[in-house]
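Data first, discussion second: the structure below is written as structure tokens.
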6 protein chains.
Amino acid sequence: MSGFDLSEEMYAKQDGLMNRVKTGIDGLDIILSGGLPEKSITLVSGPPGSGKSIFCFQFLYEGIKEGERGLFLTLDKKVNGLLIQAKKLGFDFQPSLEKKLAKFLFLNINKKLVYESMINEILSGEFDRIVLDSITPLSEMPIYLKSTEKNIDTDMLDSEESSVNVNLPVRRLHLRYIMDALESSDATSIVTSELPMGSSHFSRDGISEFLADGVITFNLDPTMDRRKLSVMKMRNTKHTLKPQDIEISEGGIRLI
Amino acid sequence: MSGFDLSEEMYAKQDGLMNRVKTGIDGLDIILSGGLPEKSITLVSGPPGSGKSIFCFQFLYEGIKEGERGLFLTLDKKVNGLLIQAKKLGFDFQPSLEKKLAKFLFLNINKKLVYESMINEILSGEFDRIVLDSITPLSEMPIYLKSTEKNIDTDMLDSEESSVNVNLPVRRLHLRYIMDALESSDATSIVTSELPMGSSHFSRDGISEFLADGVITFNLDPTMDRRKLSVMKMRNTKHTLKPQDIEISEGGIRLI
Amino acid sequence: MSGFDLSEEMYAKQDGLMNRVKTGIDGLDIILSGGLPEKSITLVSGPPGSGKSIFCFQFLYEGIKEGERGLFLTLDKKVNGLLIQAKKLGFDFQPSLEKKLAKFLFLNINKKLVYESMINEILSGEFDRIVLDSITPLSEMPIYLKSTEKNIDTDMLDSEESSVNVNLPVRRLHLRYIMDALESSDATSIVTSELPMGSSHFSRDGISEFLADGVITFNLDPTMDRRKLSVMKMRNTKHTLKPQDIEISEGGIRLI
Amino acid sequence: MSGFDLSEEMYAKQDGLMNRVKTGIDGLDIILSGGLPEKSITLVSGPPGSGKSIFCFQFLYEGIKEGERGLFLTLDKKVNGLLIQAKKLGFDFQPSLEKKLAKFLFLNINKKLVYESMINEILSGEFDRIVLDSITPLSEMPIYLKSTEKNIDTDMLDSEESSVNVNLPVRRLHLRYIMDALESSDATSIVTSELPMGSSHFSRDGISEFLADGVITFNLDPTMDRRKLSVMKMRNTKHTLKPQDIEISEGGIRLI
Amino acid sequence: MSGFDLSEEMYAKQDGLMNRVKTGIDGLDIILSGGLPEKSITLVSGPPGSGKSIFCFQFLYEGIKEGERGLFLTLDKKVNGLLIQAKKLGFDFQPSLEKKLAKFLFLNINKKLVYESMINEILSGEFDRIVLDSITPLSEMPIYLKSTEKNIDTDMLDSEESSVNVNLPVRRLHLRYIMDALESSDATSIVTSELPMGSSHFSRDGISEFLADGVITFNLDPTMDRRKLSVMKMRNTKHTLKPQDIEISEGGIRLI
Amino acid sequence: MSGFDLSEEMYAKQDGLMNRVKTGIDGLDIILSGGLPEKSITLVSGPPGSGKSIFCFQFLYEGIKEGERGLFLTLDKKVNGLLIQAKKLGFDFQPSLEKKLAKFLFLNINKKLVYESMINEILSGEFDRIVLDSITPLSEMPIYLKSTEKNIDTDMLDSEESSVNVNLPVRRLHLRYIMDALESSDATSIVTSELPMGSSHFSRDGISEFLADGVITFNLDPTMDRRKLSVMKMRNTKHTLKPQDIEISEGGIRLI
């Protein structure tokens, strides 16, 4: 914890943030001056059925088309179903799964080592794009971090301070822990958050939107039978806040 | 917990999701491109008197007409009354009860083994359609899962981790446990959730809608004397979000 | 807890549900296709002064006029006052009290055995119509059921499971316990629930409306100086949801 | 706790409920068919400055003019100030205080025996009209009833059940305890409840309105510079629900 | 705790309540028939930046101009800053501080004896006007009153009852304690309460408005760029409820 | 804790409050009569993506242009990213970091001594402008102040009173502690607070706005694609409350 001088090397690394990573949704990439900032973390939130998971498929698939490797971390046990769902939308991950370009990993929150496994994958350095769908159940876990996990990111937790740490608000701690890992990886990341229908918030936990570099929200308007997408925040990017009408069909999400 | 390659066999099994299971409500089946996705779980929520249970009757009866077997899990002790109510609407389950095509089971949440009995029935493999009406009291049960239940789905709970598991948020655990069992069965399933009048949420618990493959909501508009039904989410299905006016009379629910 | 076949005898008994029990409010009975379903439980809810208790008087008195016996369970110590109030509205219970056709019972929630007394009366088989006015204070009682009460309905509580039962959410347990007793009686029943002014809910507890066969709500509109009644749910009955203007005067409640 | 037959004597006593007790507000007495029902309890609620205390003065003073004795129970230490305030409005209680026709009693909720003193006064039988201004702090007291208090109303608390009683929701218990005492007295009573500005509820505690025989609410409309009074409930009385514009000046409250 | 007769002496003392104490805001004094009632307590509430503290300066300064002594109790450590702020508005307290006509006291709520010090100053009898800005942090203190504090106002706490007292709701106790001290002083008092922006309540604690003799609220309307002041309650005073547009500039608050 | 006389020296020091510190946003400085009051603390709050951090960059950079030294305290681990983000907007801190005119410090709330480090920096006397972005996670820390921290500001905590202090509401204590340190420094300060989207409050904690000298809020209007800034409070400053449309682009925030 000391003052900060930005070395040449750092500039070089950070300048990468200015590079753009295509989401695969043409209209959105235009709004974002080319795509998500490279190595950034974007929060994608919305009610069920609004298109969050499809956005994640599309984002990962876009990378694979460009030869990038993608990791899909899911809390949904039905990984098979996800792949079918994706394929039906035109995102066939089977070839890339075989070529090890894509990896779909079920995170079982009932397993003790779910955190370790997740963090190990994130920090493996093998992926250019990472999706975590969704962060909500993880943020609600009341389990305290154990000393065995400290060697993953020694910068985050002092070994002498474990008794202090457990006193910190658990939710914020969980979220920072995950966000820090994603930040430490060299990947561009998406995390999704489950919103109750009609919520005007940006995340279920009320914290993620401040930790993420960008926020994209999905909305449903049943009366008008319309789906919308809004970019609410994106670091280093000048963008419109206006909700964009979208359509979901073969090929994924499309701005209309 | 490892990376995932979709084998041929899995594709074959999962492709079943694309098959459609008729709800018995013609207009709704059209909206759903033929019906609910086979082997999917659909959440049906609404205030009292909005038509949730009638939807369940109709769904099960439609299957029986097609020679499929149906399981109706109810928290309502008055199973007799349910059968009478169904018969009055034109759904006479008596013949199928006798032929063992249909089974109505009262889940007594005061019984210690209610979970085991429910899961055993769900996983018996004897049913093509399963209804759980409603999931709300089960999700509110504060009882922790016991080690005796672990042998049901050894994939879900590690025996060494029982002390960790009880720390997980109980509600989400309950819901995942039930949803996982329904998912593991070969049946197409409906679970209902009790909503307070005027709620804009999709479930009472705020979690089920993210675990289910589909969400259908029922609404009452007393001033206009109107009932409505909306498909808010359905995996692998392109559908309208528009509320549909419905009528309930002999023959069950009908779109008008 | 086993599968269910509907025997002839059961059909005969349950067919009674189709018989109608007059409320004594002509307009309402027309809306309800003749009255409340026989042996059903109807939740009547509304703010103070909206007419819930008067509805109960009228319902019980209507039965007595037809030669039926009625039980009025009240949480109001002032039973005298209730009788006077009823008489003033044209419902003179004195003759039927003397002939043992009517019984008014004060439930003292400060008494340990209030549950036992209540259940004993309900299950006595001596009444065709039962009123519980109101269920709200009972549902809020934090006292756990004791083993001495188990012999009342051995089907509901397993003696080996008492330690489990106390873990169940107390409110839902209380409500089911009462509803089950009413259901087990051969009477047609009314339970009232106290709603705060302006509430759009159907009961104070948020659970009763799902346990009852029917829901009738009373509302006050001070600005228009109007009282309204709405049938929001009634099993086996096709009815309007439209709020009905009512007037309360000698003779009780009348639709206008 | 047994069935109830209404003896002649009871009828005679209860018939008193039909007699009317003038509030001293002419327009209101007309709305109430002559006044409050004799021996009834009326809840008077509203935000600060809406006129609740002035209503109490006026009610007590009206009785004194008719030769009735009045008790004013206040949680406000500044009894002097109350008397001055009343006098300024034209209600000079000094002569009646000297003649023992009126009694103003400060209830110190920091005193252990505040309940005993209050109940003793209420049950003294010396008063025709009783005011309790306000019931809110009493209902919020977390102190459990002690066995020493049981001899006041042996009908309410069984000596063997004290361990059970402390388990009852304290607020409802407090309110019933006070309401029962007022009911047991031969007086006509007013209790006030403090409402936050803008509340649409009938009492702060959400329970009193169901225990009282009548409910009168006071409201402020700052934009229109108007005060209003509404009769929301009154047993044995047919009345309008319409808010009545009022004016407060010398002579107290007046309908305009 | 006994009945109350108003002696001549008391009348004399209390009649003082009819005297008016100028606030220094001419338009407001006209609305209040000359000013605040002498020896009364007025609650002044509003969001940050609405003018509460400036109202307090003006009130105290008005007194000093008339030769009255004023006490300003503040929770703000920056007493210097307050004096500068006041001076900038035209209220130069320096001369009166030197002549001991004015006293500004910082109440450090981290100090154990903050209550004792505050009460001692209030009861010193040396001040005609007292300001407490603000009561909010004091009302939120969870520290229980100690026996050492009882000798301040032996009328309030019985020494034998300390174990009972700590059971009382702490917030109400704190507020009454402070209000009683202000009432016991011979001063006219102002207490401020911090309201969140957009609140329609009269105080943060929801209790002070019922304990105070008067309530004045400040509001901000950013869209119209307007500040408003409303008299919501004032004992012994007939006043408008209408919000008054105000302007804050040199000379303090002015009605426009 | 004693009465207060404003010495000449104090006047001299405090008169500094009248000096203005430019924010670097020309339009805002005009509204503020030249800028923020020197040595004041301004709360800047808003939802994610509304421009809070950019405001902080601009404020600090404006100082550096004038030869002032600036401290940026951030809860965001990605200090590099912040510098890049700032540079992209035209605020290149690299030269001033090298000349020690600027310091960016990451506050790790998982570290035990985060408070001590932060306070030491604030009180170092080396900075003319200080930014704390954001105060929200700090205010939510449940860790109690330790005796080792007392020597930082002995005026705030009595060593004999540590057992009492831990009973104080922790949030308010944290906030006062930080605000007092900022106040004790000779710097002009900005603290940011994270608001959920759509909130009308001034801070997440509900307290900071009363402790700060000024409040500036940022808002997003997605439908109109507009960002706004409002000055809601500023001591010693007459200002408009009207929301100001802003634009964020190279050069930072600009009123339009």
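A note on labels: chains of the structure tokens are A, B, ... as shown, every chain counts residues from 1, and ligands are counted from 1 in their shown order.
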
Test item: chain D residues at most 9 Å from chain E, counting only C-alpha atoms, as a compact mmCIF listing (two decimals) with N, CA, C and O atoms, in the first residue's frame:
# COMPACT_ATOMS: atom_id res chain seq x y z
N PRO D 47 -51.65 12.25 12.32
CA PRO D 47 -50.30 12.76 12.48
C PRO D 47 -50.26 13.88 13.52
O PRO D 47 -51.30 14.36 13.96
N PRO D 48 -49.04 14.30 13.93
CA PRO D 48 -48.95 15.38 14.92
C PRO D 48 -49.59 16.65 14.39
O PRO D 48 -49.49 16.96 13.20
N GLY D 49 -50.29 17.36 15.26
CA GLY D 49 -50.88 18.63 14.87
C GLY D 49 -52.20 18.51 14.14
O GLY D 49 -52.73 19.49 13.64
N SER D 50 -52.74 17.28 14.07
CA SER D 50 -53.96 17.11 13.29
C SER D 50 -55.22 17.34 14.12
O SER D 50 -56.30 17.51 13.56
N ASP D 76 -47.98 12.69 28.30
CA ASP D 76 -47.29 13.97 28.23
C ASP D 76 -47.11 14.49 29.65
O ASP D 76 -48.08 14.74 30.37
N LYS D 77 -45.83 14.67 30.02
CA LYS D 77 -45.52 15.12 31.37
C LYS D 77 -46.09 16.51 31.66
O LYS D 77 -46.34 16.88 32.80
N LYS D 78 -46.27 17.29 30.61
CA LYS D 78 -46.67 18.68 30.78
C LYS D 78 -48.18 18.82 30.96
O LYS D 78 -48.86 19.42 30.12
N VAL D 79 -48.71 18.26 32.05
CA VAL D 79 -50.15 18.32 32.26
C VAL D 79 -50.61 19.77 32.35
O VAL D 79 -51.65 20.14 31.81
N ASN D 80 -49.78 20.60 33.00
CA ASN D 80 -50.10 22.03 33.07
C ASN D 80 -50.36 22.60 31.68
O ASN D 80 -51.34 23.30 31.44
N GLY D 81 -49.43 22.30 30.81
CA GLY D 81 -49.53 22.83 29.46
C GLY D 81 -50.81 22.38 28.78
O GLY D 81 -51.46 23.14 28.04
N LEU D 83 -53.65 21.71 30.20
CA LEU D 83 -54.80 22.44 30.77
C LEU D 83 -54.87 23.85 30.20
O LEU D 83 -55.97 24.35 29.91
N ILE D 84 -53.71 24.46 30.06
CA ILE D 84 -53.66 25.80 29.47
C ILE D 84 -54.16 25.76 28.02
O ILE D 84 -54.99 26.58 27.58
N GLN D 85 -53.63 24.77 27.29
CA GLN D 85 -54.00 24.62 25.89
C GLN D 85 -55.52 24.44 25.77
O GLN D 85 -56.18 25.07 24.92
N ALA D 86 -56.06 23.60 26.64
CA ALA D 86 -57.50 23.34 26.63
C ALA D 86 -58.28 24.62 26.94
O ALA D 86 -59.25 24.97 26.26
N LYS D 88 -57.41 27.68 26.57
CA LYS D 88 -57.32 28.62 25.46
C LYS D 88 -58.36 28.30 24.38
O LYS D 88 -58.84 29.18 23.66
N LEU D 89 -58.69 27.01 24.25
CA LEU D 89 -59.66 26.60 23.24
C LEU D 89 -61.10 26.71 23.77
O LEU D 89 -62.06 26.38 23.07
N GLN D 94 -60.57 23.71 35.13
CA GLN D 94 -60.23 24.02 36.51
C GLN D 94 -61.39 23.79 37.49
O GLN D 94 -61.21 23.09 38.49
N LEU D 97 -61.90 20.10 37.92
CA LEU D 97 -60.80 19.47 38.66
C LEU D 97 -61.02 19.66 40.15
O LEU D 97 -60.81 18.73 40.94
N GLU D 98 -61.45 20.87 40.51
CA GLU D 98 -61.69 21.15 41.93
C GLU D 98 -62.85 20.33 42.47
O GLU D 98 -62.81 19.84 43.59
N ALA D 102 -63.27 16.01 37.03
CA ALA D 102 -62.27 15.69 36.01
C ALA D 102 -60.96 15.32 36.69
O ALA D 102 -60.63 15.82 37.77
N LYS D 103 -60.23 14.42 36.06
CA LYS D 103 -58.91 14.05 36.58
C LYS D 103 -57.95 13.91 35.41
O LYS D 103 -58.24 13.23 34.43
N PHE D 104 -56.81 14.60 35.53
CA PHE D 104 -55.75 14.47 34.51
C PHE D 104 -54.60 13.71 35.14
O PHE D 104 -54.08 14.12 36.17
N LEU D 105 -54.20 12.61 34.54
CA LEU D 105 -53.18 11.76 35.12
C LEU D 105 -52.04 11.55 34.14
O LEU D 105 -52.24 11.08 33.02
N PHE D 106 -50.81 11.89 34.61
CA PHE D 106 -49.63 11.67 33.78
C PHE D 106 -49.15 10.23 33.97
O PHE D 106 -48.86 9.80 35.08
N LEU D 107 -49.10 9.48 32.89
CA LEU D 107 -48.59 8.10 32.95
C LEU D 107 -47.10 8.11 32.63
O LEU D 107 -46.70 8.38 31.50
N ASN D 108 -46.29 7.82 33.63
CA ASN D 108 -44.85 7.82 33.43
C ASN D 108 -44.41 6.41 33.03
O ASN D 108 -44.32 5.52 33.87
N ILE D 109 -44.11 6.24 31.74
CA ILE D 109 -43.78 4.88 31.28
C ILE D 109 -42.43 4.42 31.80
O ILE D 109 -42.04 3.28 31.58
N ASN D 110 -41.71 5.30 32.51
CA ASN D 110 -40.47 4.85 33.14
C ASN D 110 -40.72 4.25 34.52
O ASN D 110 -39.81 3.73 35.14
N LYS D 111 -41.93 4.35 35.01
CA LYS D 111 -42.28 3.81 36.33
C LYS D 111 -42.71 2.36 36.18
O LYS D 111 -43.47 2.01 35.28
N LYS D 112 -42.28 1.55 37.12
CA LYS D 112 -42.59 0.13 37.05
C LYS D 112 -44.09 -0.12 37.13
O LYS D 112 -44.62 -1.00 36.46
N VAL D 114 -46.65 1.67 36.23
CA VAL D 114 -47.50 2.51 35.39
C VAL D 114 -48.76 1.76 34.94
O VAL D 114 -49.86 2.31 34.93
N SER D 117 -51.23 1.44 37.99
CA SER D 117 -51.89 2.72 38.29
C SER D 117 -52.95 3.02 37.24
O SER D 117 -54.09 3.41 37.56
N PRO D 137 -46.92 4.77 22.90
CA PRO D 137 -45.75 4.36 23.69
C PRO D 137 -46.03 3.14 24.57
O PRO D 137 -45.15 2.31 24.78
N GLU D 140 -45.60 -0.06 22.73
CA GLU D 140 -44.22 -0.38 22.35
C GLU D 140 -43.39 -0.84 23.53
O GLU D 140 -42.21 -1.19 23.38
N MET D 141 -43.98 -0.84 24.75
CA MET D 141 -43.23 -1.27 25.93
C MET D 141 -42.92 -2.76 25.85
O MET D 141 -43.81 -3.57 25.66
N PRO D 142 -41.64 -3.12 26.04
CA PRO D 142 -41.29 -4.53 25.96
C PRO D 142 -41.42 -5.25 27.30
O PRO D 142 -41.06 -6.40 27.41
N ILE D 143 -41.89 -4.59 28.33
CA ILE D 143 -41.95 -5.21 29.65
C ILE D 143 -43.06 -6.25 29.69
O ILE D 143 -44.19 -5.99 29.27
N GLU D 194 -50.58 7.56 17.38
CA GLU D 194 -49.72 8.50 16.64
C GLU D 194 -49.40 7.94 15.26
O GLU D 194 -48.79 6.88 15.14
N LEU D 195 -49.79 8.62 14.23
CA LEU D 195 -49.49 8.18 12.86
C LEU D 195 -48.42 9.05 12.23
O LEU D 195 -48.45 10.27 12.38
N PRO D 196 -47.47 8.44 11.51
CA PRO D 196 -46.55 9.27 10.73
C PRO D 196 -47.33 10.03 9.67
O PRO D 196 -48.34 9.55 9.16
N MET D 197 -46.84 11.23 9.33
CA MET D 197 -47.46 12.03 8.27
C MET D 197 -47.55 11.21 6.99
O MET D 197 -46.59 10.55 6.59
N GLY D 198 -48.71 11.24 6.35
CA GLY D 198 -48.86 10.59 5.05
C GLY D 198 -49.25 9.13 5.13
O GLY D 198 -49.46 8.48 4.11
N LEU D 220 -54.07 15.83 7.62
CA LEU D 220 -53.63 17.17 7.25
C LEU D 220 -53.40 17.21 5.75
O LEU D 220 -52.82 16.30 5.18
N ASP D 221 -53.86 18.26 5.13
CA ASP D 221 -53.54 18.48 3.72
C ASP D 221 -52.86 19.84 3.61
O ASP D 221 -53.51 20.87 3.46
N PRO D 222 -51.49 19.86 3.72
CA PRO D 222 -50.78 21.14 3.78
C PRO D 222 -51.01 21.98 2.52
O PRO D 222 -51.19 23.19 2.62
N THR D 223 -50.99 21.34 1.36
CA THR D 223 -51.11 22.11 0.12
C THR D 223 -52.42 22.90 0.08
O THR D 223 -52.46 24.06 -0.32
N MET D 224 -53.50 22.25 0.52
CA MET D 224 -54.79 22.92 0.53
C MET D 224 -55.05 23.62 1.86
O MET D 224 -56.10 24.24 2.04
N ASP D 225 -54.07 23.55 2.79
CA ASP D 225 -54.24 24.13 4.11
C ASP D 225 -55.55 23.64 4.75
O ASP D 225 -56.36 24.45 5.20
N ARG D 226 -55.75 22.35 4.77
CA ARG D 226 -57.01 21.83 5.25
C ARG D 226 -56.79 20.68 6.23
O ARG D 226 -55.86 19.90 6.08
N ARG D 227 -57.66 20.63 7.21
CA ARG D 227 -57.70 19.49 8.14
C ARG D 227 -58.97 18.71 7.87
O ARG D 227 -60.01 19.29 7.59
N ILE D 248 -60.22 24.23 13.46
CA ILE D 248 -59.91 24.24 14.88
C ILE D 248 -59.72 25.67 15.32
O ILE D 248 -58.85 26.39 14.81
N SER D 249 -60.54 26.10 16.27
CA SER D 249 -60.37 27.45 16.80
C SER D 249 -61.02 27.47 18.18
O SER D 249 -61.30 26.42 18.75

Range 78-250 of chain F: residues DSSP assigns to alpha helix (DSSP H), reported as a PyMOL selection string: chain F and resi 79-88+94-98+114-122+136-139+162-165+170-184+208-211

All strand (DSSP E) residues (DSSP, backbone) inside range 18-152 of chain B, as a PyMOL selection string: chain B and resi 20-21+36-37+41-46+70-74+102-106+129-133

Spatial neighbours of Phe218 in chain A, max dist 6 Å, only C-alpha atoms, sep filter under 6 positions, as a PyMOL selection string: chain A and resi 46+50+228-229

Since we have the selection now, will you write its residues out, keeping C-alpha atoms, as an mmCIF file, in the first residue's frame?
data_model
loop_
_atom_site.group_PDB
_atom_site.id
_atom_site.type_symbol
_atom_site.label_atom_id
_atom_site.label_comp_id
_atom_site.auth_asym_id
_atom_site.auth_seq_id
_atom_site.Cartn_x
_atom_site.Cartn_y
_atom_site.Cartn_z
ATOM 1 C CA GLY A 46 -31.672 -8.406 -16.054
ATOM 2 C CA SER A 50 -34.326 -11.175 -20.808
ATOM 3 C CA LYS A 228 -34.354 -3.788 -24.474
ATOM 4 C CA LEU A 229 -30.648 -3.445 -23.720
#

Spatial neighbours of Gly35 in chain B, 8 Å, only C-alpha atoms, chain gap at least 3 places, as a list of chain:residue names: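 In the requested format, the answer is B:Arg20, B:Val21, B:Lys22, B:Thr23, B:Leu28, B:Asp29, B:Ile30, B:Ile31, B:Leu32.
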
Now that the selection is made, can you save its residues with N, CA, C and O atoms as a CSV table (one decimal), in the first residue's frame?
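Contents of the output file out-v9.csv:
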chain,number,residue,atom,x,y,z
B,20,ARG,N,-41.7,-30.9,-28.4
B,20,ARG,CA,-42.6,-30.0,-27.7
B,20,ARG,C,-43.7,-30.9,-27.0
B,20,ARG,O,-44.1,-31.9,-27.5
B,21,VAL,N,-44.0,-30.5,-25.8
B,21,VAL,CA,-45.0,-31.1,-25.0
B,21,VAL,C,-46.2,-30.2,-24.9
B,21,VAL,O,-46.1,-29.1,-24.3
B,22,LYS,N,-47.4,-30.7,-25.4
B,22,LYS,CA,-48.6,-29.8,-25.4
B,22,LYS,C,-49.1,-29.5,-24.0
B,22,LYS,O,-49.2,-30.4,-23.2
B,23,THR,N,-49.5,-28.3,-23.8
B,23,THR,CA,-50.0,-27.9,-22.5
B,23,THR,C,-51.5,-28.2,-22.5
B,23,THR,O,-52.1,-28.3,-21.4
B,28,LEU,N,-52.0,-21.3,-26.3
B,28,LEU,CA,-50.7,-21.2,-25.6
B,28,LEU,C,-49.7,-22.1,-26.4
B,28,LEU,O,-48.5,-21.7,-26.6
B,29,ASP,N,-50.1,-23.3,-26.8
B,29,ASP,CA,-49.2,-24.1,-27.5
B,29,ASP,C,-48.7,-23.5,-28.8
B,29,ASP,O,-47.6,-23.7,-29.2
B,30,ILE,N,-49.6,-22.7,-29.4
B,30,ILE,CA,-49.2,-22.0,-30.6
B,30,ILE,C,-48.1,-21.0,-30.3
B,30,ILE,O,-47.1,-20.9,-31.0
B,31,ILE,N,-48.4,-20.2,-29.2
B,31,ILE,CA,-47.4,-19.2,-28.8
B,31,ILE,C,-46.0,-19.9,-28.5
B,31,ILE,O,-45.0,-19.3,-28.8
B,32,LEU,N,-46.1,-21.1,-28.0
B,32,LEU,CA,-44.8,-21.8,-27.6
B,32,LEU,C,-44.3,-22.7,-28.7
B,32,LEU,O,-43.5,-23.6,-28.4

Contact residues around range 250-254 of chain E with only C-alpha atoms at 9 Å, ignoring same-chain residues under 2 positions, as a ChimeraX atom specification: /E:24-28,51,54-55,57-58,86,88-91,245-248,256

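Among D:Leu36, D:Ile64, D:Leu43, D:Cys56, the residue with the shortest atom-to-atom distance to Leu175 in chain D, counting only C-alpha atoms, is D:Leu43.
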